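J.: Structure in C-alpha cells, see below.
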There are 2 protein chains.
Amino acid sequence: MNTYRLNPNVSVDCVIFGFDGEKLNILLIDRKAQGILGQSPAIPGDLIRESEDLDRAAERILRELTGLEKIFLEQFHSFGKPDRISKNKDIEWLKTVRAEPDARVITVAYYSLIRSDSYEIAASSFAKRAYWKPIDQIPELSFDHNEIIDEALKNLKFRIKYQPIGFELLPEKFTMRQLQRIYEAILGIKLDKRNFRRKILKMKFLIPSNEKQIGVPHKPAQFYTFDKHIYNEVKESDFYFKL
Amino acid sequence: MNTYRLNPNVSVDCVIFGFDGEKLNILLIDRKAQGILGQSPAIPGDLIRESEDLDRAAERILRELTGLEKIFLEQFHSFGKPDRISKNKDIEWLKTVRAEPDARVITVAYYSLIRSDSYEIAASSFAKRAYWKPIDQIPELSFDHNEIIDEALKNLKFRIKYQPIGFELLPEKFTMRQLQRIYEAILGIKLDKRNFRRKILKMKFLIPSNEKQIGVPHKPAQFYTFDKHIYNEVKESDFYFKL
DNA sequence: AGACTTAGTGTCAAATGTACATAAGTAATT
DNA sequence: AATTACTTATGTACATTTGACACTAAGTCT
C-alpha cells in the first residue's frame, strides 16, 4: 500500500506485448486475494494518484506490479462503460484493496512493447505472480480486460503498418529475420523474405552493424540497429507497409 | 443544471470539425459567466454523469451545448495532466458551475466531423454562444483546449490517409471536387484533379448518382454517394492514400 | 568431407504513381 | 446567335514499386 491519495474514479491499465522471438505474448498478473478463490488473472492496472500525470501513472503501475521500467508505453483508448466492474469476484476483490470499492472507475489504457526475454519480471504490490501468455491463449480475465486486450491488438495491427514500432520489441541489435517474425506474428501472415528485406531497407533507418551472429549452425546473419534519428527525417508515407 | 449526479473527476471534451466547402473549421463556445470578464472560448465539454457510458456522455454533451445530434464521434485521446486546470479565469468559472470546483479532472476527448452548413447550431446549457472558427484562426482557449485541438488535428491528418472518413464531412450527394477539397484542407496540400479522381474511383465505394449539379455557370459536375457497404468489403490496404 | 541449416541475393512482369493538356457542358454577356 | 468565362472530365507516356519466384554462401555438426 502506498501513502499517496488515490483518485477513486480513474485507473490506468497496461497491455504489455512481449515478443520472444517467435510468438506474441501478453503479460498477465495473478493478484493477491485474501480468501477469494478462483480469482481470474488480469492485466496490470491500478487507480491513479490524485496529482499524477496519466503517462507517469502508467509507468509507475507497471513498475510496481511487474518491475518493468523505461519501456515503450502508449495510450490507446479509455474504457468507461458504467458496468465494467460487475463480475462478483472482481467486486469482492476490490473490497479488500480499495478505499471506495464501489466507486465508478474509468480506465485509461496503454499498451507497451518489449522483448519478453530481455526483462526480468518481478511481481510485487498486489500482484502475486506476473507471467507471459501467448496472445492466442488468453483466458477469461477480470473486469473488461479481455476487451481491452482485443482493442490493443487491433490498434497494434493497424499501427505497425504505418509506424516502425516493431523495433521496440527487439534488442538493440537484431537480424532481418527477427524483425520479419514480428511482422508475421502481429499480422498473422507469412511474408516473403526477399521482398521484406527490400521494403525495410528502402526505408533507410536500418543501419547494418559490423557484427554477425556467432555460434549458429548455419550462415550467420548480419545484425542491424534502428536509427531513430534517420527515421524522424523520413517522410511518414515512405514507411507505409502495404500488404 | 441537471439533476443527475455528476462524476467530479471525469469529463468529456469534443473537438468538432466542420467543413464548409472550403475551409476546415472548429466549433467553439462562449460560456455564460456571472461576473467574470474576458472569459476565453472553449470547446464543448462537461463532466460525465455518474453512470453514463463515455460515448453516450459525448453525445449528450454535444447535444446539450450545441444542439447537434447523430453525428460521427470518435474518442481519440485522454488528457490528464494534473495541472490542466490552472488558469485563473478557468478556476473562477468552475467555482460558479461545479459542485467540486477543485477536483482534479481527467478529460476523455472525442472528435467529430460534420459539414458545417447542414446543421443548425443552437447554444444552450452553459453555452452562451456556439460558432465556427477556421482551424488556422483558433484563439487562446480555456484549460488545455488548444492542446486538445492540436492533438485532434494531428490524429485527423493521420487518419484520413488510411480511412475514408472524409465522407462524414459531406452531404449525402457530393462531387469529386468537394471531396478533393476536404483532403486538401485537412492535409494542407494541393492535389492533382485527375490523379485524385482515379485514386478514389479505384477504391470502388463511390457510386455515381444519376444527378448532376444544376444552375452552375459551367459544366455541371456528377454527384456521387458513398457506399458504406462496399467500403466494408474493400481491403483496408486498398484504401491507403499515399502522398 | 559431406550433410544440414538459415542468410543473402536478382530478375522479370504487373500494378501503381506522377506529370501533364485538351475538349465538353453550362450560364451569362454581347 | 455567337462569344466568353468557368469548371468538369478524360488519357497517355514514363518512372517507380510490388510480387512471385530459386539458387548460392557461410557456418556447425557428424
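If you're wondering about the labels, chains in the C-alpha cells are A, B, ... by order shown, residues count from 1 in each chain, ligands from 1 in order shown.
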Show me, as a VMD selection string, every residue of chain D with an atom at most 7 Å from chain B, counting only C-alpha atoms (C1' of nucleotides).

T.: chain D and resid 6 to 8

J.: Next, dump the selected residues to file, keeping only N, CA and C atoms (P, O5', C5', C4', C3', O3' and C1' of nucleotides), as a short mmCIF file (atom, residue, chain, number, x, y, z; two decimals), in the first residue's frame.

T.:
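Final output, part14.cif:
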data_model
loop_
_atom_site.label_atom_id
_atom_site.label_comp_id
_atom_site.auth_asym_id
_atom_site.auth_seq_id
_atom_site.Cartn_x
_atom_site.Cartn_y
_atom_site.Cartn_z
P DC D 6 -13.71 33.77 -65.38
"O5'" DC D 6 -14.20 32.33 -64.95
"C5'" DC D 6 -15.55 32.16 -64.48
"C4'" DC D 6 -15.87 30.69 -64.52
"C3'" DC D 6 -14.75 29.81 -63.92
"O3'" DC D 6 -15.21 29.31 -62.68
"C1'" DC D 6 -15.74 28.88 -65.90
P DT D 7 -14.22 28.53 -61.70
"O5'" DT D 7 -14.61 27.02 -61.96
"C5'" DT D 7 -15.94 26.61 -61.68
"C4'" DT D 7 -16.13 25.25 -62.29
"C3'" DT D 7 -15.12 24.20 -61.82
"O3'" DT D 7 -15.85 23.07 -61.39
"C1'" DT D 7 -15.29 24.21 -64.15
P DT D 8 -15.19 21.70 -60.95
"O5'" DT D 8 -15.69 20.73 -62.11
"C5'" DT D 8 -17.09 20.56 -62.33
"C4'" DT D 8 -17.26 19.62 -63.51
"C3'" DT D 8 -16.68 18.23 -63.29
"O3'" DT D 8 -17.64 17.29 -63.71
"C1'" DT D 8 -15.73 19.21 -65.23
#

J.: Please return as a list in words: the residues of segment 59-163 of chain A that backbone DSSP assigns to strand (DSSP E).

T.: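 Of segment 59-163 of chain A, the ones in strand (DSSP E) are Phe72, Leu73, Glu74, Gln75, Phe76, His77, Ser78, Phe79, Ile106, Thr107, Val108, Ala109, Tyr110, Tyr111, Ser112, Leu113, Ile114, Arg115, Ala127, Lys128, Arg129, Ala130, Tyr131, Trp132, Lys133 and Pro134 of chain A.
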
J.: Restricted to C-alpha atoms, what would the selected residues look like written as a compact mmCIF listing (two decimals), in the first residue's frame?

T.:
# COMPACT_ATOMS: atom_id res chain seq x y z
CA PHE A 72 7.70 1.99 -24.67
CA LEU A 73 4.24 2.92 -23.42
CA GLU A 74 1.45 4.45 -25.38
CA GLN A 75 -2.06 5.43 -24.51
CA PHE A 76 -4.55 3.97 -26.96
CA HIS A 77 -8.08 4.17 -25.55
CA SER A 78 -10.17 4.88 -22.48
CA PHE A 79 -12.84 2.50 -21.33
CA ILE A 106 -12.94 4.89 -15.90
CA THR A 107 -9.74 3.33 -17.11
CA VAL A 108 -7.19 4.83 -19.45
CA ALA A 109 -5.49 2.00 -21.31
CA TYR A 110 -1.90 1.91 -22.51
CA TYR A 111 -0.02 -0.66 -24.45
CA SER A 112 3.64 -1.29 -24.42
CA LEU A 113 6.06 -3.35 -26.40
CA ILE A 114 9.09 -5.19 -25.10
CA ARG A 115 11.06 -8.26 -25.97
CA ALA A 127 0.49 -8.83 -7.84
CA LYS A 128 1.23 -12.34 -6.62
CA ARG A 129 2.67 -13.52 -9.88
CA ALA A 130 3.40 -11.98 -13.28
CA TYR A 131 3.86 -14.10 -16.39
CA TRP A 132 3.63 -14.21 -20.17
CA LYS A 133 0.77 -15.77 -22.03
CA PRO A 134 0.62 -16.25 -25.82

J.: Neighbours of Ser11 of chain B within 6 Å (only C-alpha atoms (C1' of nucleotides); same-chain residues fewer than 6 positions away dropped), as an NGL selection string?

T.: :B and (46-48 or 107)

J.: May I have the residues of chain B within 9 Å of chain A, counting only C-alpha atoms, written as an mmCIF file with N, CA and C atoms, in the first residue's frame?

T.:
data_model
loop_
_atom_site.group_PDB
_atom_site.id
_atom_site.type_symbol
_atom_site.label_atom_id
_atom_site.label_comp_id
_atom_site.auth_asym_id
_atom_site.auth_seq_id
_atom_site.Cartn_x
_atom_site.Cartn_y
_atom_site.Cartn_z
ATOM 1 N N ASN B 7 -19.930 12.834 -12.096
ATOM 2 C CA ASN B 7 -18.672 12.339 -11.562
ATOM 3 C C ASN B 7 -17.682 13.502 -11.585
ATOM 4 N N PRO B 8 -17.171 13.885 -10.423
ATOM 5 C CA PRO B 8 -16.367 15.114 -10.351
ATOM 6 C C PRO B 8 -15.005 15.008 -11.025
ATOM 7 N N ASN B 9 -14.571 13.776 -11.351
ATOM 8 C CA ASN B 9 -13.199 13.595 -11.822
ATOM 9 C C ASN B 9 -13.032 13.307 -13.306
ATOM 10 N N VAL B 10 -14.131 13.093 -13.996
ATOM 11 C CA VAL B 10 -14.001 12.712 -15.406
ATOM 12 C C VAL B 10 -14.902 13.570 -16.281
ATOM 13 N N GLU B 50 -22.712 10.104 -13.348
ATOM 14 C CA GLU B 50 -22.151 9.024 -12.543
ATOM 15 C C GLU B 50 -22.317 7.636 -13.165
ATOM 16 N N SER B 51 -23.386 7.397 -13.894
ATOM 17 C CA SER B 51 -23.441 6.062 -14.512
ATOM 18 C C SER B 51 -23.804 6.165 -15.977
ATOM 19 N N GLU B 52 -22.930 6.835 -16.670
ATOM 20 C CA GLU B 52 -23.160 7.091 -18.080
ATOM 21 C C GLU B 52 -21.956 6.576 -18.857
ATOM 22 N N ASP B 53 -22.221 5.913 -19.952
ATOM 23 C CA ASP B 53 -21.141 5.452 -20.810
ATOM 24 C C ASP B 53 -20.409 6.656 -21.411
ATOM 25 N N LEU B 54 -19.103 6.496 -21.628
ATOM 26 C CA LEU B 54 -18.324 7.622 -22.158
ATOM 27 C C LEU B 54 -18.856 8.100 -23.506
ATOM 28 N N ASP B 55 -19.093 7.153 -24.411
ATOM 29 C CA ASP B 55 -19.558 7.551 -25.733
ATOM 30 C C ASP B 55 -20.887 8.287 -25.654
ATOM 31 N N GLN B 75 -13.654 8.770 -30.070
ATOM 32 C CA GLN B 75 -12.702 9.037 -28.996
ATOM 33 C C GLN B 75 -11.294 8.978 -29.557
ATOM 34 N N PHE B 76 -10.443 9.926 -29.228
ATOM 35 C CA PHE B 76 -9.077 9.838 -29.748
ATOM 36 C C PHE B 76 -7.982 9.921 -28.698
ATOM 37 N N HIS B 77 -8.252 10.494 -27.541
ATOM 38 C CA HIS B 77 -7.180 10.584 -26.540
ATOM 39 C C HIS B 77 -7.760 11.058 -25.218
ATOM 40 N N SER B 78 -7.072 10.718 -24.131
ATOM 41 C CA SER B 78 -7.475 11.253 -22.833
ATOM 42 C C SER B 78 -6.358 12.131 -22.305
ATOM 43 N N PHE B 79 -6.755 13.228 -21.694
ATOM 44 C CA PHE B 79 -5.777 14.194 -21.211
ATOM 45 C C PHE B 79 -5.855 14.265 -19.693
ATOM 46 N N GLY B 80 -4.710 14.155 -19.049
ATOM 47 C CA GLY B 80 -4.766 14.082 -17.609
ATOM 48 C C GLY B 80 -3.602 14.719 -16.880
ATOM 49 N N LYS B 81 -3.046 15.774 -17.456
ATOM 50 C CA LYS B 81 -2.010 16.455 -16.690
ATOM 51 C C LYS B 81 -2.630 16.975 -15.403
ATOM 52 N N PRO B 82 -1.914 16.849 -14.297
ATOM 53 C CA PRO B 82 -2.502 17.286 -13.038
ATOM 54 C C PRO B 82 -2.786 18.790 -13.032
ATOM 55 N N ASP B 83 -2.058 19.540 -13.860
ATOM 56 C CA ASP B 83 -2.259 20.996 -13.839
ATOM 57 C C ASP B 83 -3.078 21.493 -15.028
ATOM 58 N N ARG B 104 -9.754 17.269 -9.249
ATOM 59 C CA ARG B 104 -8.915 17.035 -10.401
ATOM 60 C C ARG B 104 -9.765 16.388 -11.481
ATOM 61 N N ILE B 106 -9.837 14.505 -15.245
ATOM 62 C CA ILE B 106 -9.254 13.878 -16.439
ATOM 63 C C ILE B 106 -10.291 14.012 -17.542
ATOM 64 N N VAL B 108 -11.701 12.919 -21.360
ATOM 65 C CA VAL B 108 -11.643 11.990 -22.485
ATOM 66 C C VAL B 108 -12.094 12.778 -23.700
ATOM 67 N N SER B 237 -5.969 -2.119 -47.029
ATOM 68 C CA SER B 237 -4.784 -1.623 -47.714
ATOM 69 C C SER B 237 -5.129 -1.005 -49.064
ATOM 70 N N ASP B 238 -6.296 -1.349 -49.609
ATOM 71 C CA ASP B 238 -6.676 -0.745 -50.865
ATOM 72 C C ASP B 238 -7.041 0.706 -50.676
ATOM 73 N N TYR B 240 -5.281 2.968 -48.643
ATOM 74 C CA TYR B 240 -4.191 3.880 -48.289
ATOM 75 C C TYR B 240 -3.998 4.993 -49.305
ATOM 76 N N PHE B 241 -3.926 6.186 -48.798
ATOM 77 C CA PHE B 241 -3.873 7.364 -49.641
ATOM 78 C C PHE B 241 -2.475 7.950 -49.586
ATOM 79 N N LYS B 242 -1.642 7.474 -50.469
ATOM 80 C CA LYS B 242 -0.252 7.894 -50.414
ATOM 81 C C LYS B 242 -0.069 9.319 -50.917
ATOM 82 N N LEU B 243 0.875 9.993 -50.307
ATOM 83 C CA LEU B 243 1.090 11.394 -50.699
ATOM 84 C C LEU B 243 2.492 11.640 -51.209
#

J.: When the cut-off is 7 Å and we count only C-alpha atoms (C1' of nucleotides), which residues of chain C are near chain B, given as a list in words?

T.: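 On the chain C side, the interface is DG25, DT26 and DA27 of chain C.
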
J.: Using Å and a single decimal, report how far atom CA of Leu170 of chain B sits from atom CA of Lys157 of chain A.

T.: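 Taking atom CA of Lys157 of chain A and atom CA of Leu170 of chain B, their separation equals 29.2 Å.
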
J.: Check the DSSP output for the backbone and give back, as number ranges by chain, the residues of chain B in helix (DSSP H, G or I).

T.: B: 54-66, 88-97, 135-137, 145-160, 165-169, 176-187, 193-202, 228-233, 236-238

J.: With only C-alpha atoms (C1' of nucleotides) as the atoms that count, which of D:DT3, D:DT17, D:DT10, D:DT30 lies nearest to DT29 of chain C?

T.: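 Comparing D:DT3, D:DT17, D:DT10, D:DT30 against DT29 of chain C, the winner is D:DT3.
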
J.: Excluding segment 33-39 of chain B and any residue of its chain fewer than 2 positions from it, enumerate the residues within 12 Å of it, using only C-alpha atoms (C1' of nucleotides), and give them as a PyMOL selection string.

T.: chain B and resi 29-31+41-42+87-97+125-129+139-143

J.: Skip Ile61 of chain B itself and residues of its chain fewer than 6 positions away, then list as number ranges by chain all residues within 8 Å of it, counting only C-alpha atoms (C1' of nucleotides).

T.: B: 12, 44-46

J.: Compile the contact shell of DT11 of chain C as a JSON list (two decimals) with N, CA and C atoms (P, O5', C5', C4', C3', O3' and C1' of nucleotides), in the first residue's frame: residues with an atom at most 12 Å away, counting only C-alpha atoms (C1' of nucleotides), same-chain residues fewer than 2 positions apart removed.

T.:
[["chain", "number", "residue", "atom", "x", "y", "z"],
["C", 9, "DT", "P", 22.91, -9.45, -49.48],
["C", 9, "DT", "O5'", 22.48, -9.94, -50.94],
["C", 9, "DT", "C5'", 23.48, -10.53, -51.76],
["C", 9, "DT", "C4'", 22.84, -11.15, -52.97],
["C", 9, "DT", "C3'", 22.06, -10.17, -53.86],
["C", 9, "DT", "O3'", 22.55, -10.31, -55.18],
["C", 9, "DT", "C1'", 20.81, -12.12, -53.47],
["C", 13, "DA", "P", 9.40, -10.34, -68.70],
["C", 13, "DA", "O5'", 7.88, -10.48, -68.22],
["C", 13, "DA", "C5'", 7.49, -11.49, -67.27],
["C", 13, "DA", "C4'", 6.32, -10.96, -66.46],
["C", 13, "DA", "C3'", 5.38, -10.04, -67.25],
["C", 13, "DA", "O3'", 4.05, -10.35, -66.90],
["C", 13, "DA", "C1'", 6.23, -8.89, -65.36],
["D", 19, "DG", "P", 3.13, -6.34, -52.69],
["D", 19, "DG", "O5'", 3.35, -7.49, -53.76],
["D", 19, "DG", "C5'", 2.51, -7.56, -54.92],
["D", 19, "DG", "C4'", 2.87, -8.82, -55.67],
["D", 19, "DG", "C3'", 3.16, -10.02, -54.78],
["D", 19, "DG", "O3'", 2.56, -11.15, -55.39],
["D", 19, "DG", "C1'", 5.06, -9.55, -56.09],
["D", 20, "DA", "P", 2.48, -12.54, -54.55],
["D", 20, "DA", "O5'", 3.18, -13.57, -55.55],
["D", 20, "DA", "C5'", 3.01, -13.43, -56.96],
["D", 20, "DA", "C4'", 4.12, -14.18, -57.66],
["D", 20, "DA", "C3'", 4.60, -15.43, -56.93],
["D", 20, "DA", "O3'", 4.63, -16.51, -57.86],
["D", 20, "DA", "C1'", 6.44, -14.03, -57.44],
["D", 21, "DC", "P", 4.84, -18.02, -57.30],
["D", 21, "DC", "O5'", 6.40, -18.21, -57.57],
["D", 21, "DC", "C5'", 6.92, -18.01, -58.89],
["D", 21, "DC", "C4'", 8.41, -18.02, -58.83],
["D", 21, "DC", "C3'", 9.01, -19.04, -57.83],
["D", 21, "DC", "O3'", 10.03, -19.79, -58.47],
["D", 21, "DC", "C1'", 10.00, -16.96, -57.56],
["D", 22, "DA", "P", 10.54, -21.17, -57.83],
["D", 22, "DA", "O5'", 11.83, -21.45, -58.74],
["D", 22, "DA", "C5'", 12.56, -20.38, -59.29],
["D", 22, "DA", "C4'", 14.04, -20.52, -58.96],
["D", 22, "DA", "C3'", 14.51, -21.91, -58.53],
["D", 22, "DA", "O3'", 15.77, -22.13, -59.13],
["D", 22, "DA", "C1'", 15.12, -20.35, -56.89]]

J.: How many Å separate atom C1' of DA24 of chain C from atom CA of Asn210 of chain B?

T.: 18.0 Å

J.: Pick out the closest residue to Leu153 of chain B from this set: B:Leu6, B:Ile186, B:Val234, B:Leu179. Count only C-alpha atoms.

T.: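 When distances to Leu153 of chain B are compared using only C-alpha atoms, the smallest one comes from B:Ile186.
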